[in-house]
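Asks: Structure in structure tokens, see below.
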Amino acid sequence: MEKWGYFQSPGGNHPLTTLDPALDLVDPDRLSRFRYGVVTWIGEDGFPFSVATDFLLSENGEILLKKPSTSPPMTDRRVGVLFNHITGIPTGGYTDRRYMLVWGKVSDDKGFLKLHPEEISEWDEKILPFDKLCAAAVPQGKKYLESLQPSIDA
Amino acid sequence: MQAPSWVRDVFENYLICEFTSIDNGKPVTFPLLFFYNHDPSRFTVTSSILFSRKIEHMKKNPKVSLLFSNPEGSGVEKHTILVQGIAKIQDSDLDHGWERYLPMWRKKEPYIDGFLSAREQFAWFWKRIVVEVEPEKILAWKNGDTSKAPEAITL
């Protein structure tokens with residue numbers, strides 16, 4: 001992926017797997033380590049539509065997505081963009097899991113789609129190991145089990 | 001009509017897909033391990049109750065998509081395929097319902113038995129929901145060139 005300019009990591013410890021409306025949550029240094037993005041929107045038929053596309057980072061940290069051929073008019077459309085990475089293991093499987101999911105609206109910008117981030121959810125197993133991620137997710141597991149309780153009691 | 005071999009290669013060899021559910025009109029996409037069954041054509045993912053928000057989304061809106069765009073670790077060439085379909089949730093047997101997919105899981109992640117041996121330690125990770133997706137529409141970009149129009153695929 002081509003990269004414009006140089007980015008210095010802000011060095012902040014952003015909370016992972018959280019949502020925050022602050023625009024500066026997208027760390028360009030971390031984002032620049034991904035090779036491409038998966039843009040997803042909801043189509044007229046109600047199904048999600050995803051397409052993979054390259055992206056660039058401007059000197060100002062703007063996320064510029066290459067326009068996929070299949071994209072509908074996108075101005076002011078809310079999309080989710082997943083940046084994902086795994087490293088294959090020669091003996092099978094993968095490691096080095098990390099992803100960044102950014103939601104926001106897009107606008108046309110010099111032939112690209114400029115993403116205006118509104119929310120972010122991200123995980124990097126080198127920052128938050130998987131067992132700690134599991135521990136942090138226990139409330140969601142408890143909630144799901146409780147939601148099943150009526151059918152178990154019936 | 002049978003899908004082209006390069007499409008079957010992707011379904012049979014890619015390790016992960018980018019799976020999207022819908023949360024009140026918002027697409028929520030995560031990378032997930034998937035399993036493919038060709039007869040009948042079904043895509044399956046499993047989810048721990050720990051990461052079950054996507055399941056809650058699908059119970060409200062079963063329309064989902066799976067994008068296959070990352071050939072890493074699969075040994076096959078890069079192609080990009082989008083599958084849109086209807087998700088069916090199976091959560092009546094969280095402890096054992098998913099185990100029928102273990103042979104396919106083991107093939108993709110040979111080290112999974114190490115985690116299984118620590119099943120007591122990660123008890124809630126192994127309480128798993130099965131999501132079976134029946135495809136409704138498939139679009140494919142050979143060689144991953146999404147600047148070109150996709151090819152409609154029938155399985």
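We label chains A, B, ... in the order they appear in the structure tokens, count residues from 1 in each chain, and number ligands from 1 in the order shown.
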For the structure I just gave you, how does DSSP split region 19-146 of chain B - specifically, which residues are alpha helix (DSSP H)? Reply as a list of chain:residue names.
Replies: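 Taking region 19-146 of chain B and keeping alpha helix (DSSP H) gives B:Arg53, B:Lys54, B:Ile55, B:Glu56, B:His57, B:Met58, B:Lys59, B:Lys60, B:Leu102, B:Pro103, B:Met104, B:Trp105, B:Arg106, B:Lys107, B:Lys108, B:Ile112, B:Asp113, B:Gly114, B:Phe115, B:Leu116, B:Ser117.
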Asks: Which chain A residues are at most 7 Å from chain B (counting only C-alpha atoms), as a ChimeraX atom specification?
Replies: /A:40-42,47-50,52,68-70,80,82,86-89,92-94,134,137-138,140-141,144
Asks: Check the DSSP output for the backbone and give back, as number ranges by chain, the residues of chain A in strand (DSSP E or B).
Replies: A: 37-42, 48-53, 55-57, 63-66, 75, 78-88, 94-109, 112-124
Asks: Need the shell around Val81 (chain A): protein/DNA/RNA residues with any atom at most 7 Å away, counting only C-alpha atoms. Skip same-chain ones fewer than 5 positions apart. Format as a VMD selection string?
Replies: chain A and resid 37 to 40 101 to 103
Asks: Can you tell me how far CA of His57 (chain B) sits from CA of Val131 (chain B), in Å to one decimal?
Replies: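 These atoms are spaced 12.0 Å apart.
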Asks: Between B:Val130, B:Ala3, B:Ala140, B:Ala87, which is the closest to Leu102 (chain B) once you count only C-alpha atoms?
Replies: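 Closest candidate: B:Val130.
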Asks: Give the answer as one residue: which of B:Glu134, B:Glu120, B:Glu77, B:Asp95 has the shortest atom-to-atom distance to Asp9 (chain B), using only C-alpha atoms?
Replies: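 Once distances to Asp9 (chain B) are computed over only C-alpha atoms, the minimum belongs to B:Glu77.
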Asks: To one decimal place, how far is CA of Phe55 (chain A) from CA of Arg35 (chain A) in Å?
Replies: 7.9 Å
Asks: Could you list, as a list in words, every residue within 12 Å of Thr154 (chain B), counting only C-alpha atoms and ignoring same-chain residues fewer than 5 positions away?
Replies: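 The neighbour list is Met1, Gln2, Ala3, Pro4, Val7, Arg8, His38, Ser41, Val83, Pro135, Glu136, Lys137, Ile138, Leu139 and Ala140 of chain B.
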Asks: Just the number, please: distance in Å from CA of Tyr14 (chain B) to CA of Phe35 (chain B), one decimal.
Replies: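 These two atoms are separated by 9.5 Å.
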Asks: Do you know which residues are at most 7 Å from Glu132 (chain B) counting only C-alpha atoms, after dropping those on the same chain fewer than 5 positions away, and could you put them as number ranges by chain?
Replies: B: 42-45, 87-89
Asks: Those same residues, written as a PDB file, in the first residue's frame with C-alpha atoms?
Replies:
ATOM      1  CA  ARG B  42     -23.851 -23.620   3.636  1.00  0.00           C
ATOM      2  CA  PHE B  43     -21.368 -21.395   5.427  1.00  0.00           C
ATOM      3  CA  THR B  44     -20.993 -21.849   9.161  1.00  0.00           C
ATOM      4  CA  VAL B  45     -19.349 -19.762  11.830  1.00  0.00           C
ATOM      5  CA  ALA B  87     -28.323 -16.647   9.195  1.00  0.00           C
ATOM      6  CA  LYS B  88     -29.904 -19.341  11.328  1.00  0.00           C
ATOM      7  CA  ILE B  89     -28.879 -19.394  14.967  1.00  0.00           C
TER       8      ILE B  89
END
